[in-house]
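Novice: Contents of protein10.txt (compact mmCIF, N, CA and C atoms) are below:
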# COMPACT_ATOMS: atom_id res chain seq x y z
N MET R 17 241.93 234.11 54.87
CA MET R 17 242.75 235.21 54.37
C MET R 17 242.32 236.49 55.10
N GLU R 18 243.26 237.06 55.80
CA GLU R 18 242.98 238.28 56.55
C GLU R 18 243.06 239.49 55.63
N GLN R 19 242.05 240.35 55.74
CA GLN R 19 242.03 241.59 54.97
C GLN R 19 242.07 242.76 55.93
N ARG R 20 242.89 243.74 55.60
CA ARG R 20 242.99 244.96 56.38
C ARG R 20 242.51 246.13 55.53
N THR R 21 241.74 246.99 56.12
CA THR R 21 241.19 248.14 55.41
C THR R 21 241.93 249.40 55.84
N ALA R 22 242.22 250.25 54.88
CA ALA R 22 242.92 251.51 55.16
C ALA R 22 242.37 252.60 54.24
N ALA R 23 242.66 253.82 54.61
CA ALA R 23 242.31 254.95 53.74
C ALA R 23 243.16 254.87 52.47
N LEU R 24 242.61 255.36 51.39
CA LEU R 24 243.36 255.43 50.14
C LEU R 24 244.50 256.43 50.28
N THR R 25 245.63 256.13 49.68
CA THR R 25 246.75 257.06 49.67
C THR R 25 246.48 258.14 48.61
N PRO R 26 247.19 259.25 48.67
CA PRO R 26 247.03 260.27 47.63
C PRO R 26 247.26 259.71 46.22
N ASN R 27 248.23 258.81 46.06
CA ASN R 27 248.49 258.21 44.74
C ASN R 27 247.31 257.35 44.30
N GLU R 28 246.71 256.60 45.22
CA GLU R 28 245.56 255.76 44.89
C GLU R 28 244.35 256.63 44.52
N ILE R 29 244.17 257.71 45.23
CA ILE R 29 243.08 258.65 44.91
C ILE R 29 243.29 259.23 43.52
N ALA R 30 244.52 259.62 43.21
CA ALA R 30 244.84 260.18 41.89
C ALA R 30 244.61 259.14 40.80
N ASP R 31 244.96 257.88 41.06
CA ASP R 31 244.76 256.81 40.08
C ASP R 31 243.27 256.60 39.81
N LEU R 32 242.46 256.56 40.88
CA LEU R 32 241.02 256.42 40.69
C LEU R 32 240.45 257.59 39.89
N GLU R 33 240.92 258.78 40.20
CA GLU R 33 240.43 259.96 39.48
C GLU R 33 240.83 259.92 38.01
N ALA R 34 242.02 259.46 37.71
CA ALA R 34 242.44 259.34 36.31
C ALA R 34 241.56 258.33 35.57
N LYS R 35 241.26 257.22 36.21
CA LYS R 35 240.39 256.20 35.60
C LYS R 35 238.97 256.75 35.42
N ARG R 36 238.49 257.43 36.42
CA ARG R 36 237.17 258.08 36.37
C ARG R 36 237.14 259.10 35.22
N GLY R 37 238.21 259.86 35.10
CA GLY R 37 238.30 260.88 34.06
C GLY R 37 238.27 260.29 32.66
N TRP R 38 238.89 259.12 32.47
CA TRP R 38 238.88 258.50 31.14
C TRP R 38 237.45 258.23 30.70
N VAL R 39 236.63 257.76 31.62
CA VAL R 39 235.22 257.49 31.28
C VAL R 39 234.46 258.81 31.13
N ARG R 40 234.57 259.68 32.11
CA ARG R 40 233.83 260.94 32.11
C ARG R 40 234.13 261.76 30.86
N ASP R 41 235.36 261.69 30.36
CA ASP R 41 235.75 262.48 29.20
C ASP R 41 235.11 262.00 27.90
N HIS R 42 234.37 260.91 27.93
CA HIS R 42 233.60 260.50 26.76
C HIS R 42 232.39 261.41 26.56
N TYR R 43 231.98 262.10 27.63
CA TYR R 43 230.96 263.14 27.49
C TYR R 43 231.63 264.37 26.90
N ASP R 44 230.91 265.11 26.06
CA ASP R 44 231.40 266.42 25.62
C ASP R 44 231.62 267.28 26.86
N GLN R 45 232.54 268.21 26.77
CA GLN R 45 232.84 269.09 27.91
C GLN R 45 231.57 269.72 28.48
N SER R 46 230.66 270.14 27.62
CA SER R 46 229.45 270.81 28.08
C SER R 46 228.46 269.86 28.74
N ALA R 47 228.64 268.56 28.58
CA ALA R 47 227.70 267.58 29.14
C ALA R 47 228.30 266.77 30.29
N GLN R 48 229.51 267.09 30.72
CA GLN R 48 230.16 266.28 31.75
C GLN R 48 229.44 266.32 33.10
N ASP R 49 228.56 267.27 33.31
CA ASP R 49 227.79 267.29 34.55
C ASP R 49 226.86 266.08 34.66
N LYS R 50 226.57 265.43 33.52
CA LYS R 50 225.73 264.22 33.54
C LYS R 50 226.40 263.09 34.30
N TYR R 51 227.74 263.13 34.41
CA TYR R 51 228.47 262.10 35.13
C TYR R 51 228.15 262.13 36.63
N ALA R 52 227.65 263.24 37.12
CA ALA R 52 227.42 263.38 38.56
C ALA R 52 226.33 262.46 39.10
N CYS R 53 225.37 262.08 38.27
CA CYS R 53 224.27 261.24 38.76
C CYS R 53 224.49 259.77 38.39
N VAL R 54 223.85 258.89 39.14
CA VAL R 54 223.99 257.45 38.91
C VAL R 54 223.59 257.09 37.49
N GLU R 55 222.46 257.57 37.04
CA GLU R 55 221.98 257.21 35.70
C GLU R 55 222.92 257.71 34.62
N GLY R 56 223.52 258.88 34.81
CA GLY R 56 224.48 259.40 33.84
C GLY R 56 225.71 258.51 33.73
N LYS R 57 226.16 257.99 34.85
CA LYS R 57 227.30 257.07 34.85
C LYS R 57 226.94 255.78 34.12
N LEU R 58 225.77 255.22 34.46
CA LEU R 58 225.35 253.96 33.86
C LEU R 58 225.10 254.09 32.36
N ARG R 59 224.49 255.19 31.94
CA ARG R 59 224.26 255.41 30.50
C ARG R 59 225.57 255.51 29.74
N LEU R 60 226.54 256.19 30.33
CA LEU R 60 227.83 256.33 29.67
C LEU R 60 228.55 254.98 29.58
N LEU R 61 228.52 254.21 30.66
CA LEU R 61 229.12 252.88 30.61
C LEU R 61 228.45 252.03 29.54
N ASP R 62 227.14 252.10 29.48
CA ASP R 62 226.38 251.33 28.49
C ASP R 62 226.77 251.76 27.07
N ALA R 63 226.91 253.06 26.84
CA ALA R 63 227.29 253.56 25.51
C ALA R 63 228.70 253.09 25.13
N ILE R 64 229.62 253.13 26.08
CA ILE R 64 230.99 252.68 25.81
C ILE R 64 231.00 251.20 25.43
N LEU R 65 230.25 250.39 26.17
CA LEU R 65 230.23 248.95 25.91
C LEU R 65 229.47 248.61 24.62
N ARG R 66 228.30 249.19 24.44
CA ARG R 66 227.49 248.88 23.26
C ARG R 66 228.11 249.44 21.98
N GLY R 67 228.86 250.53 22.12
CA GLY R 67 229.53 251.12 20.96
C GLY R 67 230.86 250.45 20.64
N ASN R 68 231.22 249.46 21.45
CA ASN R 68 232.51 248.77 21.28
C ASN R 68 233.69 249.76 21.26
N TRP R 69 233.64 250.74 22.15
CA TRP R 69 234.70 251.73 22.24
C TRP R 69 235.89 251.21 23.04
N ILE R 70 235.77 250.00 23.56
CA ILE R 70 236.83 249.38 24.34
C ILE R 70 236.80 247.89 24.03
N SER R 71 237.98 247.28 23.95
CA SER R 71 238.02 245.85 23.63
C SER R 71 238.57 245.06 24.82
N ALA R 72 238.41 243.76 24.75
CA ALA R 72 238.78 242.87 25.83
C ALA R 72 240.28 242.89 26.14
N ASP R 73 241.09 243.30 25.18
CA ASP R 73 242.54 243.30 25.42
C ASP R 73 243.07 244.64 25.95
N GLU R 74 242.19 245.60 26.19
CA GLU R 74 242.61 246.91 26.69
C GLU R 74 242.62 246.90 28.23
N THR R 75 243.58 246.16 28.76
CA THR R 75 243.62 245.90 30.20
C THR R 75 243.88 247.14 31.05
N LEU R 76 244.40 248.20 30.47
CA LEU R 76 244.58 249.43 31.23
C LEU R 76 243.31 250.27 31.27
N LYS R 77 242.46 250.12 30.28
CA LYS R 77 241.22 250.90 30.22
C LYS R 77 240.04 250.20 30.90
N LEU R 78 240.03 248.88 30.90
CA LEU R 78 238.89 248.15 31.48
C LEU R 78 238.62 248.50 32.94
N PRO R 79 239.65 248.65 33.79
CA PRO R 79 239.37 249.03 35.17
C PRO R 79 238.71 250.41 35.30
N CYS R 80 238.88 251.26 34.29
CA CYS R 80 238.22 252.57 34.30
C CYS R 80 236.71 252.40 34.36
N LEU R 81 236.21 251.40 33.65
CA LEU R 81 234.77 251.13 33.68
C LEU R 81 234.35 250.72 35.09
N GLY R 82 235.21 249.93 35.75
CA GLY R 82 234.92 249.48 37.10
C GLY R 82 234.89 250.61 38.11
N VAL R 83 235.74 251.61 37.93
CA VAL R 83 235.73 252.76 38.83
C VAL R 83 234.41 253.51 38.70
N THR R 84 233.99 253.73 37.46
CA THR R 84 232.71 254.43 37.25
C THR R 84 231.55 253.59 37.80
N PHE R 85 231.59 252.29 37.56
CA PHE R 85 230.56 251.40 38.11
C PHE R 85 230.58 251.49 39.64
N GLY R 86 231.78 251.50 40.23
CA GLY R 86 231.91 251.64 41.67
C GLY R 86 231.39 252.97 42.18
N ASP R 87 231.64 254.04 41.44
CA ASP R 87 231.12 255.35 41.82
C ASP R 87 229.59 255.33 41.87
N ALA R 88 228.98 254.66 40.90
CA ALA R 88 227.51 254.55 40.88
C ALA R 88 227.02 253.74 42.08
N LEU R 89 227.69 252.63 42.37
CA LEU R 89 227.33 251.81 43.53
C LEU R 89 227.49 252.60 44.83
N ALA R 90 228.59 253.32 44.93
CA ALA R 90 228.85 254.11 46.14
C ALA R 90 227.74 255.13 46.36
N ARG R 91 227.39 255.80 45.31
CA ARG R 91 226.35 256.84 45.42
C ARG R 91 224.99 256.23 45.78
N GLN R 92 224.65 255.12 45.16
CA GLN R 92 223.35 254.49 45.38
C GLN R 92 223.25 253.80 46.74
N SER R 93 224.35 253.21 47.20
CA SER R 93 224.29 252.35 48.38
C SER R 93 225.00 252.91 49.62
N GLY R 94 225.50 254.13 49.53
CA GLY R 94 226.14 254.74 50.69
C GLY R 94 227.49 254.12 51.04
N LEU R 95 228.22 253.71 50.02
CA LEU R 95 229.54 253.11 50.22
C LEU R 95 230.63 254.15 50.00
N SER R 96 231.81 253.88 50.52
CA SER R 96 232.95 254.77 50.34
C SER R 96 234.15 253.97 49.83
N TRP R 97 235.00 254.63 49.06
CA TRP R 97 236.22 254.00 48.56
C TRP R 97 237.23 253.87 49.69
N VAL R 98 237.85 252.70 49.79
CA VAL R 98 238.91 252.41 50.74
C VAL R 98 239.95 251.55 50.03
N ALA R 99 241.04 251.24 50.71
CA ALA R 99 242.02 250.29 50.20
C ALA R 99 241.96 249.05 51.08
N VAL R 100 242.06 247.88 50.45
CA VAL R 100 242.06 246.62 51.19
C VAL R 100 243.36 245.90 50.90
N ASP R 101 244.06 245.55 51.98
CA ASP R 101 245.32 244.82 51.89
C ASP R 101 245.09 243.37 52.30
N ASP R 102 245.68 242.45 51.55
CA ASP R 102 245.70 241.04 51.95
C ASP R 102 246.94 240.39 51.36
N GLU R 103 247.02 239.09 51.43
CA GLU R 103 248.21 238.38 50.95
C GLU R 103 248.47 238.61 49.46
N ARG R 104 247.42 238.92 48.71
CA ARG R 104 247.56 239.10 47.26
C ARG R 104 247.92 240.52 46.85
N GLY R 105 247.88 241.45 47.80
CA GLY R 105 248.22 242.83 47.46
C GLY R 105 247.23 243.83 48.03
N ARG R 106 247.20 244.98 47.42
CA ARG R 106 246.35 246.09 47.88
C ARG R 106 245.48 246.53 46.71
N ASP R 107 244.17 246.61 46.97
CA ASP R 107 243.22 246.98 45.93
C ASP R 107 242.20 247.98 46.46
N PRO R 108 241.72 248.87 45.59
CA PRO R 108 240.63 249.74 45.99
C PRO R 108 239.34 248.92 46.10
N ALA R 109 238.53 249.29 47.06
CA ALA R 109 237.25 248.61 47.28
C ALA R 109 236.25 249.62 47.83
N LEU R 110 235.01 249.20 47.91
CA LEU R 110 233.96 250.01 48.50
C LEU R 110 233.49 249.33 49.78
N MET R 111 233.15 250.14 50.78
CA MET R 111 232.56 249.56 51.98
C MET R 111 231.75 250.60 52.72
N VAL R 112 230.87 250.10 53.58
CA VAL R 112 230.09 250.97 54.45
C VAL R 112 230.92 251.22 55.69
N GLU R 113 231.01 252.46 56.11
CA GLU R 113 231.79 252.77 57.30
C GLU R 113 231.26 251.98 58.49
N GLY R 114 232.16 251.32 59.18
CA GLY R 114 231.79 250.54 60.35
C GLY R 114 231.27 249.15 60.03
N GLY R 115 231.15 248.83 58.75
CA GLY R 115 230.66 247.51 58.36
C GLY R 115 231.78 246.63 57.86
N SER R 116 231.45 245.38 57.60
CA SER R 116 232.46 244.45 57.12
C SER R 116 232.30 244.14 55.63
N LEU R 117 231.21 244.59 55.02
CA LEU R 117 230.97 244.35 53.60
C LEU R 117 232.00 245.10 52.76
N ARG R 118 232.66 244.36 51.87
CA ARG R 118 233.61 244.96 50.94
C ARG R 118 233.20 244.58 49.53
N VAL R 119 233.19 245.56 48.65
CA VAL R 119 232.81 245.36 47.25
C VAL R 119 234.01 245.79 46.41
N PHE R 120 234.39 244.93 45.45
CA PHE R 120 235.54 245.20 44.59
C PHE R 120 235.06 245.40 43.15
N PRO R 121 234.67 246.64 42.80
CA PRO R 121 234.04 246.86 41.50
C PRO R 121 234.98 247.00 40.31
N LEU R 122 236.28 247.14 40.53
CA LEU R 122 237.18 247.40 39.40
C LEU R 122 237.15 246.34 38.33
N THR R 123 236.89 245.09 38.70
CA THR R 123 236.87 244.01 37.71
C THR R 123 235.47 243.54 37.37
N SER R 124 234.45 244.15 37.94
CA SER R 124 233.08 243.66 37.74
C SER R 124 232.63 243.69 36.28
N ILE R 125 233.04 244.68 35.55
CA ILE R 125 232.72 244.76 34.13
C ILE R 125 233.84 244.12 33.31
N ALA R 126 235.09 244.39 33.69
CA ALA R 126 236.25 243.91 32.92
C ALA R 126 236.23 242.40 32.74
N LYS R 127 235.95 241.66 33.80
CA LYS R 127 235.99 240.20 33.66
C LYS R 127 234.93 239.69 32.70
N ARG R 128 233.81 240.36 32.63
CA ARG R 128 232.75 239.97 31.70
C ARG R 128 233.15 240.30 30.25
N VAL R 129 233.72 241.48 30.06
CA VAL R 129 234.18 241.88 28.73
C VAL R 129 235.28 240.92 28.26
N GLU R 130 236.20 240.58 29.14
CA GLU R 130 237.30 239.68 28.78
C GLU R 130 236.79 238.29 28.40
N ARG R 131 235.66 237.87 28.99
CA ARG R 131 235.07 236.56 28.64
C ARG R 131 234.21 236.65 27.38
N GLY R 132 234.07 237.84 26.81
CA GLY R 132 233.28 238.01 25.60
C GLY R 132 231.79 238.11 25.84
N GLU R 133 231.39 238.36 27.06
CA GLU R 133 229.97 238.46 27.40
C GLU R 133 229.42 239.83 27.00
N ASP R 134 228.15 239.87 26.66
CA ASP R 134 227.45 241.14 26.53
C ASP R 134 227.13 241.60 27.95
N VAL R 135 227.45 242.82 28.26
CA VAL R 135 227.24 243.33 29.60
C VAL R 135 226.03 244.26 29.60
N ASP R 136 225.02 243.89 30.37
CA ASP R 136 223.87 244.75 30.60
C ASP R 136 224.18 245.53 31.87
N VAL R 137 224.68 246.74 31.71
CA VAL R 137 225.14 247.55 32.84
C VAL R 137 224.04 247.78 33.85
N HIS R 138 222.84 248.08 33.37
CA HIS R 138 221.74 248.35 34.30
C HIS R 138 221.36 247.12 35.11
N ALA R 139 221.30 245.97 34.46
CA ALA R 139 220.96 244.73 35.18
C ALA R 139 222.07 244.38 36.17
N LEU R 140 223.32 244.52 35.77
CA LEU R 140 224.44 244.25 36.67
C LEU R 140 224.38 245.17 37.88
N PHE R 141 224.06 246.43 37.64
CA PHE R 141 223.97 247.41 38.72
C PHE R 141 222.82 247.06 39.67
N GLU R 142 221.66 246.75 39.11
CA GLU R 142 220.51 246.39 39.95
C GLU R 142 220.81 245.15 40.79
N ASP R 143 221.44 244.14 40.19
CA ASP R 143 221.80 242.92 40.92
C ASP R 143 222.78 243.25 42.05
N ALA R 144 223.78 244.06 41.75
CA ALA R 144 224.76 244.43 42.77
C ALA R 144 224.12 245.19 43.91
N CYS R 145 223.24 246.13 43.59
CA CYS R 145 222.56 246.91 44.63
C CYS R 145 221.68 246.02 45.51
N GLU R 146 220.98 245.08 44.89
CA GLU R 146 220.14 244.15 45.65
C GLU R 146 220.98 243.28 46.57
N THR R 147 222.11 242.81 46.08
CA THR R 147 223.00 241.98 46.90
C THR R 147 223.55 242.79 48.07
N ILE R 148 223.96 244.01 47.81
CA ILE R 148 224.47 244.89 48.87
C ILE R 148 223.39 245.13 49.92
N LYS R 149 222.18 245.42 49.48
CA LYS R 149 221.06 245.64 50.41
C LYS R 149 220.80 244.42 51.27
N ARG R 150 220.79 243.26 50.63
CA ARG R 150 220.52 242.00 51.35
C ARG R 150 221.59 241.75 52.40
N ILE R 151 222.84 241.92 52.03
CA ILE R 151 223.94 241.67 52.98
C ILE R 151 223.90 242.70 54.11
N GLN R 152 223.61 243.93 53.78
CA GLN R 152 223.50 244.96 54.83
C GLN R 152 222.36 244.64 55.79
N ALA R 153 221.25 244.14 55.26
CA ALA R 153 220.10 243.80 56.11
C ALA R 153 220.42 242.62 57.04
N GLU R 154 221.29 241.74 56.56
CA GLU R 154 221.70 240.59 57.38
C GLU R 154 222.70 241.01 58.46
N GLY R 155 223.20 242.23 58.36
CA GLY R 155 224.12 242.74 59.37
C GLY R 155 225.56 242.32 59.21
N THR R 156 225.95 241.94 57.99
CA THR R 156 227.32 241.52 57.75
C THR R 156 228.18 242.69 57.34
Output the file's structure as structure tokens, nothing else.
Specialist:
Amino acid sequence: MEQRTAALTPNEIADLEAKRGWVRDHYDQSAQDKYACVEGKLRLLDAILRGNWISADETLKLPCLGVTFGDALARQSGLSWVAVDDERGRDPALMVEGGSLRVFPLTSIAKRVERGEDVDVHALFEDACETIKRIQAEGT
């Protein structure tokens, strides 16, 4: 399956920002600066999941968690948001400029929530970062 990478369109950027905003707005207005750091993003995701503020059938909200998770991965691992086209459609993804590694974080939390799993956001994040590091070290 051939994948083509492109810059995000203005509509795709706006969609990611709307999803990001849904999560960020769980912080009080005066505390939204906490969203800027990786740990602030992860703590907020953890609070949303542990507080059961979202359910498995909220298919429009679940990808919002993935955008925030992706923002944390991007910040930690030096990845950037792009669009990837293939036979199945076009999806936002993360990648290192000039590299071939593509990470699709939008469903990383959603698929676990939909299966009824307890999601340990910090462990999932650490595992993802380790995998990204390993693949980058291998030169893929």
Novice: Taking 4 positions as the minimum chain separation for residues in the same chain, which residues sit within 8 Å of segment 29-32 of chain R when counting only N, CA and C atoms? Answer as a PDB file with N, CA and C atoms, in the coordinates of the input.
Specialist:
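Saved file selection.pdb follows:
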ATOM      1  N   ALA R  23     242.660 253.820  54.610  1.00  0.00           N
ATOM      2  CA  ALA R  23     242.310 254.950  53.740  1.00  0.00           C
ATOM      3  C   ALA R  23     243.160 254.870  52.470  1.00  0.00           C
ATOM      4  N   LEU R  24     242.610 255.360  51.390  1.00  0.00           N
ATOM      5  CA  LEU R  24     243.360 255.430  50.140  1.00  0.00           C
ATOM      6  C   LEU R  24     244.500 256.430  50.280  1.00  0.00           C
ATOM      7  N   THR R  25     245.630 256.130  49.680  1.00  0.00           N
ATOM      8  CA  THR R  25     246.750 257.060  49.670  1.00  0.00           C
ATOM      9  C   THR R  25     246.480 258.140  48.610  1.00  0.00           C
ATOM     10  N   ARG R  36     238.490 257.430  36.420  1.00  0.00           N
ATOM     11  CA  ARG R  36     237.170 258.080  36.370  1.00  0.00           C
ATOM     12  C   ARG R  36     237.140 259.100  35.220  1.00  0.00           C
ATOM     13  N   GLY R  37     238.210 259.860  35.100  1.00  0.00           N
ATOM     14  CA  GLY R  37     238.300 260.880  34.060  1.00  0.00           C
ATOM     15  C   GLY R  37     238.270 260.290  32.660  1.00  0.00           C
ATOM     16  N   TRP R  38     238.890 259.120  32.470  1.00  0.00           N
ATOM     17  CA  TRP R  38     238.880 258.500  31.140  1.00  0.00           C
ATOM     18  C   TRP R  38     237.450 258.230  30.700  1.00  0.00           C
ATOM     19  N   CYS R  80     238.880 251.260  34.290  1.00  0.00           N
ATOM     20  CA  CYS R  80     238.220 252.570  34.300  1.00  0.00           C
ATOM     21  C   CYS R  80     236.710 252.400  34.360  1.00  0.00           C
ATOM     22  N   VAL R  83     235.740 251.610  37.930  1.00  0.00           N
ATOM     23  CA  VAL R  83     235.730 252.760  38.830  1.00  0.00           C
ATOM     24  C   VAL R  83     234.410 253.510  38.700  1.00  0.00           C
ATOM     25  N   THR R  84     233.990 253.730  37.460  1.00  0.00           N
ATOM     26  CA  THR R  84     232.710 254.430  37.250  1.00  0.00           C
ATOM     27  C   THR R  84     231.550 253.590  37.800  1.00  0.00           C
TER      28      THR R  84
END
Novice: To one decimal in Å, tell me the separation between atom C of Val135 of chain R and atom N of Gly56 of chain R.
Specialist: 15.7 Å
Novice: Hey, which of R:Gly94, R:Gly82, R:Pro108, R:Gly155 ends up closest to Pro121 of chain R? Count only C-alpha atoms.
Specialist: R:Gly82
Novice: Within segment 35-135 of chain R, find each residue whose DSSP state, derived from the backbone, is strand (DSSP E or B), and express the selection as a PyMOL selection string.
Specialist: chain R and resi 96-102+105-111+118-119
Novice: To one decimal in Å, tell me the separation between atom CA of Ala126 of chain R and atom N of Leu61 of chain R.
Specialist: 13.1 Å
Novice: To one decimal in Å, tell me the separation between atom CA of Val100 of chain R and atom CA of Arg20 of chain R.
Specialist: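 Separation of atom CA of Val100 of chain R and atom CA of Arg20 of chain R: 5.5 Å.
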Novice: Have a look at R:Leu78, R:Ala72, R:Leu110, R:Ile151 and name the one nearest to Arg131 of chain R; count all atoms listed in the file.
Specialist: R:Ala72
Novice: Tell me which residues come within 9 Å of (245.4, 244.1, 53.8), as a PyMOL selection string, counting only C-alpha atoms in the file's coordinates.
Specialist: chain R and resi 18-22+99-107
Novice: From the list R:Asn68, R:Ala88, R:Glu74, R:Tyr43, which residue is nearest Glu55 of chain R when using all atoms listed in the file?
Specialist: R:Ala88
Novice: Using all atoms listed in the file, which residue out of R:Ala139, R:Ala144, R:Leu65, R:Leu60 lies closest to His42 of chain R?
Specialist: R:Leu60
Novice: Find the spatial neighbours of Met111 of chain R, counting only C-alpha atoms, within a cut-off of 9 Å - ignore same-chain residues fewer than 2 positions away - and output them as a list in words.
Specialist: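 Listed by chain and then number, they are Ala90, Gly94, Leu95, Ser96, Trp97, Val98, Ala109, Glu113, Gly114, Gly115, Ser116, Leu117, Arg118 and Val119 of chain R.
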Novice: Using DSSP on the backbone, list every residue of segment 37-148 of chain R that comes out as alpha helix (DSSP H), and give them as a VMD selection string.
Specialist: chain R and resid 37 to 40 54 to 66 78 to 93 126 to 130 137 to 148
Novice: When you count only C-alpha atoms, which of these residues is closest to Lys127 of chain R: R:Ser71, R:Asp41, R:Asp87, R:Lys50?
Specialist: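 The closest residue to Lys127 of chain R is R:Ser71.
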Novice: Measuring atom to atom with all atoms listed in the file, identify which of R:Ala153, R:Ser93, R:Asp73, R:Gly67 is nearest to Val129 of chain R.
Specialist: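 Among R:Ala153, R:Ser93, R:Asp73, R:Gly67, it is R:Asp73 that comes nearest to Val129 of chain R.
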